[in-house]
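Below is the file target_29.txt, which contains compact mmCIF, C-alpha atoms.
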```txt
# COMPACT_ATOMS: atom_id res chain seq x y z
CA ARG D 899 99.66 105.75 82.23
CA TRP D 900 96.64 106.22 79.96
CA ASP D 901 96.74 108.50 76.89
CA LEU D 902 93.21 109.72 76.18
CA GLU D 903 94.03 110.75 72.61
CA THR D 904 95.68 107.54 71.43
CA GLY D 905 94.14 105.08 73.89
CA ASP D 906 97.63 103.82 74.67
CA ASN D 907 97.86 102.08 78.04
CA THR D 908 100.94 99.95 77.41
CA ILE D 909 103.36 99.17 80.21
CA GLN D 910 105.98 101.89 80.55
CA PRO D 911 108.46 102.62 83.35
CA MET D 912 106.78 105.09 85.73
CA VAL D 913 109.92 107.24 86.04
CA PHE D 914 109.65 110.85 84.90
CA ARG D 915 112.71 112.64 83.51
CA VAL D 916 112.88 115.33 86.19
CA PRO D 917 115.17 115.93 89.23
CA PRO D 918 114.50 113.54 92.16
CA ASN D 919 113.83 116.36 94.68
CA ALA D 920 112.66 119.20 92.48
CA ASN D 921 110.95 120.99 95.41
CA ASN D 922 114.06 120.93 97.66
CA ASP D 923 111.95 119.41 100.43
CA ILE D 924 113.29 117.57 103.47
CA LEU D 925 114.01 113.91 102.75
CA ILE D 926 113.50 111.36 105.50
CA PRO D 927 116.88 109.60 105.30
CA GLN D 928 115.62 106.14 106.26
CA GLU D 929 113.79 104.69 103.24
CA PRO D 930 110.52 102.86 104.02
CA GLY D 931 111.70 99.92 101.88
CA ASP D 932 108.58 99.51 99.76
CA THR D 933 105.56 101.44 98.51
CA VAL D 934 103.91 103.45 101.30
CA SER D 935 100.21 102.68 101.77
CA GLU D 936 99.36 105.40 104.31
CA LEU D 937 100.84 108.34 106.21
CA ALA D 938 99.43 109.45 109.57
CA TRP D 939 100.55 112.41 111.69
CA HIS D 940 100.41 112.32 115.49
CA PRO D 941 97.42 114.35 116.80
CA GLN D 942 99.64 116.58 118.99
CA LYS D 943 103.28 116.25 117.89
CA ASN D 944 105.30 116.35 114.68
CA ILE D 945 105.61 112.57 114.62
CA ILE D 946 104.63 110.71 111.50
CA LEU D 947 103.73 107.09 110.80
CA ALA D 948 104.17 105.29 107.50
CA SER D 949 102.72 101.87 106.68
CA SER D 950 104.20 100.03 103.73
CA TRP D 951 103.89 96.91 101.61
CA ASN D 952 107.04 95.32 103.07
CA ASN D 953 105.11 94.51 106.29
CA PHE D 954 106.47 97.45 108.31
CA VAL D 955 105.08 100.46 110.14
CA THR D 956 107.75 103.08 110.81
CA CYS D 957 107.65 106.16 113.02
CA TRP D 958 109.79 109.32 112.75
CA GLU D 959 109.89 112.65 114.60
CA PHE D 960 110.46 115.96 112.83
CA GLN D 961 112.55 118.47 114.80
CA SER D 962 111.46 121.95 113.72
CA GLY D 963 114.44 123.67 115.31
CA ASN D 964 116.99 122.27 112.88
CA ASP D 965 114.71 120.49 110.35
CA SER D 966 116.17 117.12 111.32
CA ILE D 967 114.26 113.85 111.29
CA ASN D 968 114.86 111.20 113.94
CA PRO D 969 113.76 107.57 113.51
CA LEU D 970 111.82 106.43 116.59
CA VAL D 971 110.47 102.89 116.16
CA ARG D 972 109.81 100.33 113.45
CA GLU D 973 107.74 97.15 113.61
CA ASP D 974 107.23 94.13 111.37
CA PHE D 975 103.57 93.06 111.20
CA GLY D 976 104.16 89.90 109.18
CA ALA D 977 102.09 90.90 106.13
CA PRO D 978 101.78 93.93 103.86
CA VAL D 979 100.28 96.82 105.85
CA LEU D 980 97.41 98.61 104.11
CA SER D 981 96.50 101.23 106.71
CA CYS D 982 97.63 102.82 109.97
CA CYS D 983 96.24 105.39 112.38
CA TRP D 984 96.87 106.75 115.87
CA GLN D 985 94.98 105.63 118.96
CA GLY D 986 95.58 108.41 121.45
CA GLU D 987 99.14 109.69 121.86
CA SER D 988 101.19 106.52 122.22
CA SER D 989 99.41 103.67 120.42
CA VAL D 990 98.98 102.79 116.76
CA MET D 991 96.41 100.71 114.89
CA ALA D 992 97.56 98.88 111.75
CA SER D 993 95.76 96.57 109.31
CA MET D 994 97.12 94.03 106.86
CA THR D 995 96.32 92.17 103.66
CA ASN D 996 95.86 88.96 105.68
CA GLY D 997 92.71 90.35 107.34
CA ASN D 998 94.23 91.14 110.73
CA ALA D 999 94.46 94.45 112.59
CA PHE D 1000 96.72 95.06 115.57
CA ARG D 1001 97.11 97.63 118.31
CA TRP D 1002 100.78 98.53 118.79
CA ASP D 1003 101.84 100.23 122.03
CA LEU D 1004 104.83 102.42 121.17
CA GLU D 1005 105.92 102.74 124.81
CA THR D 1006 106.04 99.02 125.61
CA GLY D 1007 106.49 97.67 122.06
CA GLN D 1008 103.67 95.18 122.64
CA LYS D 1009 101.26 94.19 119.86
CA GLU D 1010 97.73 92.95 120.44
CA GLN D 1011 95.31 91.72 117.80
CA TRP D 1012 92.11 93.76 117.83
CA ALA D 1013 90.27 92.84 114.64
CA GLN D 1014 89.91 90.28 111.90
CA HIS D 1015 88.22 90.12 108.48
CA GLU D 1016 87.85 87.42 105.85
CA GLY D 1017 89.86 89.57 103.44
CA GLY D 1018 92.38 92.37 103.64
CA ILE D 1019 91.48 95.33 105.86
CA ARG D 1020 91.85 98.31 103.56
CA GLN D 1021 91.29 101.03 106.20
CA VAL D 1022 91.45 101.45 109.96
CA LYS D 1023 90.09 104.50 111.79
CA TRP D 1024 90.12 105.10 115.53
CA ILE D 1025 86.92 106.87 116.59
CA ASP D 1026 88.02 108.60 119.75
CA TYR D 1027 84.69 109.87 121.07
CA LYS D 1028 83.27 106.32 120.85
CA SER D 1029 86.52 104.55 121.91
CA VAL D 1030 86.10 102.05 119.07
CA LEU D 1031 88.17 100.93 116.11
CA LEU D 1032 86.51 100.96 112.70
CA THR D 1033 87.81 98.43 110.16
CA CYS D 1034 86.80 98.48 106.49
CA GLY D 1035 87.51 95.37 104.48
CA TRP D 1036 87.89 93.83 101.08
CA ASP D 1037 85.35 91.28 102.36
CA LYS D 1038 82.59 93.91 101.91
CA LYS D 1039 82.19 94.55 105.64
CA LEU D 1040 82.47 97.40 108.11
CA ARG D 1041 83.21 96.30 111.65
CA TYR D 1042 83.43 98.19 114.94
CA TRP D 1043 85.65 96.86 117.76
CA ASP D 1044 86.05 97.92 121.39
CA GLY D 1045 89.02 95.67 122.26
CA LYS D 1046 87.11 94.00 125.09
CA GLN D 1047 85.96 90.98 123.09
CA ALA D 1048 87.12 88.87 120.16
CA THR D 1049 84.06 89.69 118.05
CA PRO D 1050 82.96 93.06 116.65
CA VAL D 1051 80.40 95.08 118.56
CA LEU D 1052 78.76 95.90 115.21
CA GLU D 1053 79.05 94.58 111.65
CA ILE D 1054 77.63 96.22 108.54
CA GLU D 1055 77.33 94.49 105.15
CA LEU D 1056 78.43 96.52 102.14
CA PRO D 1057 77.65 96.08 98.45
CA GLU D 1058 81.33 96.01 97.46
CA ARG D 1059 84.97 95.98 98.59
CA VAL D 1060 86.27 99.07 100.38
CA TYR D 1061 88.90 101.13 98.56
CA SER D 1062 88.96 104.15 100.90
CA ALA D 1063 87.22 105.41 104.03
CA ASP D 1064 87.34 108.53 106.18
CA VAL D 1065 85.86 109.78 109.46
CA GLN D 1066 85.25 113.37 110.52
CA GLY D 1067 83.44 113.68 113.84
CA ASN D 1068 80.32 111.54 113.56
CA ILE D 1069 80.40 111.29 109.75
CA LEU D 1070 81.88 108.28 107.96
CA GLY D 1071 82.46 108.12 104.21
CA VAL D 1072 83.17 104.86 102.37
CA ALA D 1073 84.27 104.55 98.73
CA MET D 1074 83.95 101.07 97.26
CA ALA D 1075 84.53 99.06 94.11
CA HIS D 1076 82.22 99.65 91.15
CA ARG D 1077 81.82 103.30 92.23
CA HIS D 1078 79.56 102.69 95.26
CA ILE D 1079 79.71 105.54 97.80
CA HIS D 1080 78.08 105.37 101.24
CA THR D 1081 78.08 107.87 104.07
CA TYR D 1082 77.02 107.14 107.65
CA ASN D 1083 76.10 108.95 110.84
CA ILE D 1084 78.24 107.00 113.31
CA ASN D 1085 75.68 107.71 116.06
CA GLN D 1086 73.16 105.73 113.97
CA PRO D 1087 75.49 103.42 112.07
CA GLN D 1088 73.19 100.59 111.01
CA LYS D 1089 71.75 102.44 108.00
CA PRO D 1090 73.63 104.66 105.52
CA TYR D 1091 72.94 108.38 105.64
CA SER D 1092 73.35 108.42 101.86
CA GLU D 1093 73.95 105.87 99.10
CA ILE D 1094 75.07 107.11 95.69
CA MET D 1095 77.01 105.98 92.67
CA SER D 1096 80.12 108.05 92.17
CA PRO D 1097 79.61 110.93 89.72
CA LEU D 1098 83.13 110.10 88.47
CA LYS D 1099 83.15 107.54 85.66
CA PHE D 1100 86.21 105.59 86.81
CA GLN D 1101 87.40 103.73 89.90
CA SER D 1102 87.37 105.65 93.19
CA ARG D 1103 90.75 106.14 94.82
CA CYS D 1104 90.28 108.38 97.89
CA ILE D 1105 87.41 109.86 99.92
CA ARG D 1106 87.73 112.65 102.51
CA ILE D 1107 84.96 114.18 104.62
CA MET D 1108 85.02 117.99 104.73
CA PRO D 1109 86.08 119.43 108.11
CA ASN D 1110 82.71 121.22 108.40
CA LYS D 1111 80.96 117.89 107.59
CA LYS D 1112 78.91 119.49 104.81
CA GLY D 1113 80.09 117.03 102.20
CA PHE D 1114 83.09 115.08 100.95
CA LEU D 1115 85.82 115.03 98.33
CA LEU D 1116 86.24 111.99 96.10
CA SER D 1117 89.10 111.26 93.71
CA SER D 1118 89.43 108.74 90.91
CA ILE D 1119 92.11 106.98 88.90
CA GLU D 1120 91.35 109.24 85.92
CA GLY D 1121 92.67 112.61 87.11
CA ARG D 1122 89.45 114.03 88.56
CA VAL D 1123 88.15 115.13 91.96
CA ARG D 1124 84.49 115.47 92.90
CA VAL D 1125 83.41 118.07 95.48
CA GLU D 1126 80.12 116.64 96.73
CA TYR D 1127 77.84 118.49 99.18
CA PHE D 1128 75.13 116.88 101.28
CA GLY D 1129 71.41 117.68 101.22
CA LYS D 1130 70.32 121.14 100.12
CA GLY D 1131 73.89 122.06 99.25
CA SER D 1132 74.11 119.35 96.58
CA SER D 1133 73.41 121.88 93.82
CA TYR D 1134 76.83 123.40 94.54
CA SER D 1135 78.65 120.11 93.87
CA PHE D 1136 81.19 120.11 91.04
CA THR D 1137 84.03 118.11 89.47
CA PHE D 1138 87.46 119.34 88.43
CA LYS D 1139 90.36 117.87 86.48
CA CYS D 1140 93.88 117.56 87.88
CA HIS D 1141 97.05 115.45 87.73
CA ARG D 1142 97.34 115.35 83.96
CA LEU D 1143 100.32 115.68 81.67
CA GLY D 1144 99.11 116.66 78.23
CA PRO D 1145 96.57 114.04 77.11
CA ALA D 1146 97.73 111.52 79.74
CA THR D 1147 95.67 111.17 82.94
CA TYR D 1148 96.92 109.88 86.28
CA ALA D 1149 95.34 108.61 89.49
CA VAL D 1150 94.65 111.11 92.28
CA ASN D 1151 95.96 108.99 95.13
CA ASP D 1152 95.38 111.02 98.29
CA ILE D 1153 93.60 114.11 99.63
CA SER D 1154 94.28 116.00 102.87
CA PHE D 1155 92.52 119.00 104.39
CA THR D 1156 94.30 121.88 106.13
CA SER D 1157 93.02 123.54 109.29
CA LEU D 1158 91.80 126.38 107.04
CA GLY D 1159 89.55 124.16 104.93
CA THR D 1160 91.81 124.21 101.86
CA PHE D 1161 93.15 120.84 100.75
CA SER D 1162 95.88 118.97 98.92
CA THR D 1163 95.85 116.35 96.21
CA CYS D 1164 98.73 114.16 95.10
CA GLY D 1165 98.91 111.84 92.15
CA SER D 1166 100.69 109.30 90.03
CA ASP D 1167 101.90 112.11 87.78
CA GLY D 1168 104.50 112.82 90.49
CA ASN D 1169 102.99 116.07 91.68
CA TRP D 1170 101.02 117.63 94.51
CA GLY D 1171 98.74 120.66 94.52
CA PHE D 1172 96.96 122.77 97.16
CA TRP D 1173 93.40 123.87 96.39
CA ASP D 1174 90.59 126.18 97.48
CA LYS D 1175 87.28 124.47 96.74
CA ASP D 1176 85.21 127.55 97.61
CA LYS D 1177 86.91 129.63 94.91
CA LYS D 1178 87.32 126.60 92.66
CA THR D 1179 90.98 127.32 92.16
CA ARG D 1180 94.44 125.89 92.73
CA ILE D 1181 96.44 127.94 95.22
CA THR D 1182 99.83 126.46 94.47
CA GLN D 1183 101.47 123.42 92.92
CA GLY D 1184 104.74 121.62 93.52
CA LYS D 1185 107.27 120.79 90.87
CA GLN D 1186 106.94 117.38 89.29
CA LEU D 1187 108.90 114.53 90.88
CA HIS D 1188 110.43 111.51 89.19
CA LEU D 1189 107.99 108.97 90.68
CA PRO D 1190 104.27 108.79 91.54
CA ILE D 1191 103.18 110.28 94.86
CA ASN D 1192 101.30 107.55 96.72
CA CYS D 1193 100.25 109.46 99.85
CA GLY D 1194 100.27 113.03 101.14
CA GLN D 1195 99.08 114.40 104.50
CA PHE D 1196 99.19 117.71 106.40
CA ASN D 1197 100.09 117.71 110.08
CA PRO D 1198 97.41 119.12 112.46
CA ALA D 1199 99.03 122.59 112.42
CA SER D 1200 99.07 122.52 108.59
CA ASN D 1201 102.63 123.85 108.52
CA LEU D 1202 104.12 120.53 107.33
CA TYR D 1203 103.05 118.39 104.39
CA ALA D 1204 104.48 114.86 104.22
CA TYR D 1205 104.32 112.91 100.98
CA ALA D 1206 105.59 109.50 99.89
CA ILE D 1207 106.86 108.71 96.41
CA GLY D 1208 107.31 105.27 94.87
CA TYR D 1209 105.98 102.83 92.34
CA ASP D 1210 102.18 102.65 92.36
CA TRP D 1211 102.00 99.13 90.83
CA THR D 1212 99.60 100.18 88.08
CA ASN D 1213 101.74 98.18 85.64
CA GLY D 1214 102.25 95.22 87.96
CA ALA D 1215 105.57 93.51 88.60
CA ALA D 1216 106.58 93.91 84.95
CA GLY D 1217 106.71 97.69 85.36
CA TYR D 1218 108.83 97.73 88.52
CA ASP D 1219 112.52 98.60 88.63
CA PHE D 1220 113.95 98.36 92.17
CA GLU D 1221 116.93 100.61 91.51
CA LEU D 1222 114.98 103.39 89.79
CA MET D 1223 111.81 103.26 91.91
CA LYS D 1224 112.92 103.29 95.54
CA SER D 1225 110.22 104.62 97.85
CA GLN D 1226 111.03 107.81 99.75
CA ILE D 1227 109.21 110.21 102.07
CA TYR D 1228 109.61 113.99 101.95
CA ILE D 1229 108.39 116.77 104.23
CA HIS D 1230 107.43 120.10 102.71
CA LYS D 1231 107.48 123.15 105.00
CA VAL D 1232 104.21 124.87 104.17
CA LYS D 1233 104.15 128.65 103.74
CA ASN D 1234 100.99 130.50 104.77
CA ASP D 1235 100.31 131.79 101.28
CA GLU D 1236 100.36 128.24 99.92
CA ILE D 1237 97.20 127.29 101.82
CA GLN D 1238 95.42 130.60 102.47
CA LYS D 1239 92.08 131.07 100.75
CA SER D 1240 92.73 134.73 100.11
CA ARG D 1241 95.35 134.22 97.45
CA ALA D 1242 95.39 132.20 94.24
CA ARG D 1243 98.25 131.72 91.81
```

Now, as a test, write the supplied structure out as structure tokens.
Amino acid sequence: RWDLETGDNTIQPMVFRVPPNANNDILIPQEPGDTVSELAWHPQKNIILASSWNNFVTCWEFQSGNDSINPLVREDFGAPVLSCCWQGESSVMASMTNGNAFRWDLETGQKEQWAQHEGGIRQVKWIDYKSVLLTCGWDKKLRYWDGKQATPVLEIELPERVYSADVQGNILGVAMAHRHIHTYNINQPQKPYSEIMSPLKFQSRCIRIMPNKKGFLLSSIEGRVRVEYFGKGSSYSFTFKCHRLGPATYAVNDISFTSLGTFSTCGSDGNWGFWDKDKKTRITQGKQLHLPINCGQFNPASNLYAYAIGYDWTNGAAGYDFELMKSQIYIHKVKNDEIQKSRAR
């Protein structure tokens, strides 16, 4: 927590004095066990993955008929898991702090190492139309893997460590330490399409490519989001403030687009909001929760929004209380008027 008026950034328990489930959303009964690093919905079904810092990737299925949640599978990867994504309909890619990435076949339960870096792999993305795995590392490298050989088919040197990456079609966006931002055309991946310094003054937290590929959204640790357009549209770029409580600012931890082009943000203030960038307005906002929201993602149909709460480790081990800060995952049933562009609240 950082108070802009007083400059106070002393260690304080990150537990807000509000009800634990203020939005009356659906709680996944099986706790992930530690802070969730990423959520990933199945491309066709209401099945969700969660990777977490206790070495596990867990998979649940949401039953829309009775709003029940069934645990499917859970796997220990031997090191804290930083990222997970789907490969097709029955396989998962997961990357760890130890620099390894594995393919996990959910039908057979078998794991196979696909990638390796000299530092933690912060992000994995399966690029379906190329049939390759993209890994983005703390060792300042991007690597592409086809699973047919032990070495990458392509390696790209970066100026800094990767904090977030996203792929939409043939466009890749990479947010790095010291505010470096690169975008790439995956069909011509050797050279960046653009190289800029983040317009936001503080550390980048999340980057998301727009569904129409006309630009990207970028969030920071200081309660701001940048809407950045490519090329001739750059004059329409703008920044907005969010996830603030009075003078205190909080990290914007995750961004997710709906099928309509509206998007969500979630932050360490314990709240989520749905936004319309074209009208520069917030459509709706949840009620504040008692812990930071680490991740939040819409399913492909945009009728479910999953979000994970838990300690965000901004105050290190000294700020952690196991009993008060247990990680949990909720599913919010999205109403049409919460994500439609035609209405603003």

Can you write out as JSON lines which residues of segment 1122-1217 of chain D fall within 7 Å of segment 936-950 of chain D, alongside each residue's closest atom pair and its distance in Å to one decimal, counting all atoms listed in the file and ordering rows by chain and ascending residue number?
```
{"residue": "D:Cys1193", "atom": "CA", "partner": "D:Glu936", "partner_atom": "CA", "distance": 6.1}
{"residue": "D:Gly1194", "atom": "CA", "partner": "D:Leu937", "partner_atom": "CA", "distance": 6.9}
{"residue": "D:Gln1195", "atom": "CA", "partner": "D:Leu937", "partner_atom": "CA", "distance": 6.5}
{"residue": "D:Asn1197", "atom": "CA", "partner": "D:Trp939", "partner_atom": "CA", "distance": 5.6}
{"residue": "D:Pro1198", "atom": "CA", "partner": "D:Pro941", "partner_atom": "CA", "distance": 6.4}
```

Restricting it to C-alpha atoms, dump the selection as a compact mmCIF listing (two decimals), in the frame of the given file.
```txt
# COMPACT_ATOMS: atom_id res chain seq x y z
CA CYS D 1193 100.25 109.46 99.85
CA GLY D 1194 100.27 113.03 101.14
CA GLN D 1195 99.08 114.40 104.50
CA ASN D 1197 100.09 117.71 110.08
CA PRO D 1198 97.41 119.12 112.46
```

query = Looking at D:Gly1007, D:Ser1133, D:Ala1199, D:Leu1187, which one is nearest to Asn919 of chain D, with distances taken over only C-alpha atoms?
reply =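 Closest to Asn919 of chain D of all the choices is D:Leu1187.
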
task = Place a sphere of radius 8 Å on (103.7, 103.2, 94.0) in the file coordinates and name every protein, DNA or RNA residue with an atom inside or on its surface, counting all atoms listed in the file; give the answer as a ChimeraX atom specification.
result = /D:933-934,1166,1189-1192,1207-1212,1225

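Atom CA of Tyr1205 of chain D is found 23.6 Å from atom CA of Gly1144 of chain D.
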
inquiry  = Which residues are close to segment 976-983 of chain D, i.e. within 10 Å by all atoms listed in the file, leaving aside same-chain residues fewer than 6 positions away? Reply as a PyMOL selection string.
reply    = chain D and resi 932-940+946-955+989-1001+1018-1024+1031+1033+1062

Top pick for closest residue to Gly1217 of chain D, considering D:Cys957, D:Leu1032, D:Val913, D:Ile1094 and counting only C-alpha atoms = D:Val913

task = Identify which of the residues D:Met1074, D:Leu1004, D:Ile1229, D:Ile926 lies closest to Met1095 of chain D, counting all atoms listed in the file when measuring atom-to-atom distances.
result =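 Answer, going by the shortest atom-to-atom distance: D:Met1074.
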
query = atom CA of Pro1087 of chain D and atom CA of Ser1132 of chain D are how many Å apart?
reply =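 Value for the atom CA of Pro1087 of chain D-atom CA of Ser1132 of chain D distance: 22.3 Å.
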
task = For Ser988 of chain D, list every protein, DNA or RNA residue within 10 Å, evaluated using all atoms listed in the file, and leave out those in the same chain fewer than 3 positions away; present the list as a PyMOL selection string.
result = chain D and resi 940+984-985+1002-1006

request  = Name all residues at most 9 Å from Cys1140 of chain D (count all atoms listed in the file; drop same-chain ones fewer than 4 positions away) and give them as a PyMOL selection string.
outcome  = chain D and resi 1120-1123+1147-1148+1150+1163+1165+1171

inquiry  = Considering all atoms listed in the file, can you say which of D:Leu1098, D:Ala1075, D:Ile1105, D:Val1065 comes closest to Asp1026 of chain D?
reply    = D:Val1065

task = Kindly indicate which residue among D:Ile1237, D:Thr956, D:Thr1137, D:Asn1151 lies nearest to Gly931 of chain D, using all atoms listed in the file for the distances.
result = D:Thr956

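Interatomic distance, atom CA of Phe1128 of chain D against atom CA of Tyr1042 of chain D: 24.6 Å.
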
ask   = Excluding same-chain residues fewer than 4 positions from segment 1051-1057 of chain D, what lies within 8 Å of it counting only C-alpha atoms, as a ChimeraX atom specification?
value = /D:1038-1044,1078,1088

request  = May I have the residues at most 6 Å from (103.2, 121.6, 98.2) in the file's coordinates, counting only C-alpha atoms, as an MDAnalysis selection string?
outcome  = chainID D and resid 1170:1171 1183:1184
